[in-house]
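Below is one structure, written out as structure tokens, with a few remarks after it.
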Amino acid sequence: MSTADGSGVLAPVDAAFMVSHPASLLALVGGAGLFPYGPGTLGALVGIPLGLALQAAPAAVAIAVIAAAFAIGVWACGVTAVRSGLHDHPAIVFDETWAMAAVVAFSPPGLRAVIVGFVAFRLFDILKPWPIGHIDENVAEGFGIMLDDAVAGVFALALVFGLSRLGWL
């Protein structure tokens, strides 16, 4: 793992770190990123109720919220990566929360679509097939942190819609 600032020094990422800057509070999703086992999975789970709320909103509102949250995430994740000393510290989970909210917001309604979207998103995010892995390794700062999860979300959403069109959801 390379450090975000090139110094080779990692800051301790804990509750004190999180509350010491608003960007880190957001990037760690209020503490979800501090969960010791699968913080990205927990971050994605936090996105589900947000996505359900957006699913009930008019499409224009959901698109505007998702777009604004992406921009805020680029800032928050980028600042937090520099502060932590690691390009994409595992505690940074806003990207997973945001992407899962987007997947649910734009999926067909229903529990099966949410479950398939969640499982697919986590698999794409963890396995990082092309171009997700390429983005993860080559796109810097907060934009890269958010973009690889955005692409994983698009892949998950495509799978959900494909299965829905086949009548399997």
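Here's how to read the names in the structure tokens: chain A, B, ... by the order shown, residue numbers from 1 in each chain, ligand numbers from 1 in the order shown.
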
Write out as an MDAnalysis selection string the residues lying within 7 Å of Met100 of chain A, counting only C-alpha atoms and excluding same-chain residues fewer than 2 positions away.
-> chainID A and resid 44 47:48 96:98 102:104 118 153

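Residue neighbourhood of Arg112 of chain A, excluding near-sequence residues (fewer than 5 positions): Val104, Ser107, Gly117, Phe118, Val119, Ala120, Val160, Phe161, Leu163, Ser164, Gly167, Trp168 and Leu169 of chain A, at 12 Å, using only C-alpha atoms.
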
What is the distance between atom CA of Leu123 of chain A and atom CA of Gly51 of chain A, in Å to one decimal?
->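 Atom-to-atom, atom CA of Leu123 of chain A to atom CA of Gly51 of chain A, that is 18.6 Å.
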
Top pick for closest residue to Ala69 of chain A, considering A:Val13, A:Leu166, A:Val154, A:Leu50 and counting only C-alpha atoms |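 Comparing A:Val13, A:Leu166, A:Val154, A:Leu50 against Ala69 of chain A, the winner is A:Leu50.
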
Work out how far apart atom CA of Gly40 of chain A and atom CA of Ala101 of chain A are and give it in Å to one decimal.
->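 Atom CA of Ala101 of chain A lies 13.3 Å from atom CA of Gly40 of chain A.
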
For Asp136 of chain A, which residue out of A:Ala150, A:Ala105, A:Val65, A:Val93 is the nearest one, using only C-alpha atoms?
->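 Using only C-alpha atoms, Asp136 of chain A sits closest to A:Ala150.
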
Could you give me, as a list in words, the residues within 8 Å of Val151 of chain A, counting only C-alpha atoms and dropping anything in the same chain fewer than 4 positions from it?
-> Pro131, Ile132, Leu147 and Phe155 of chain A

Write out as a PyMOL selection string all residues of chain A that DSSP puts in alpha helix (DSSP H) for this structure's backbone.
-> chain A and resi 15-19+22-27+39-55+59-84+94-106+111-127+132-138+141-165

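Comparing A:Leu159, A:Ile92, A:Ala56, A:Val82 by their smallest distance to Met18 of chain A, the closest is A:Ile92 (using only C-alpha atoms).
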
Atomic separation - atom CA of Ala91 of chain A relative to atom CA of Asp125 of chain A, Å =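 Computing the Euclidean distance for atom CA of Asp125 of chain A and atom CA of Ala91 of chain A yields 14.8 Å.
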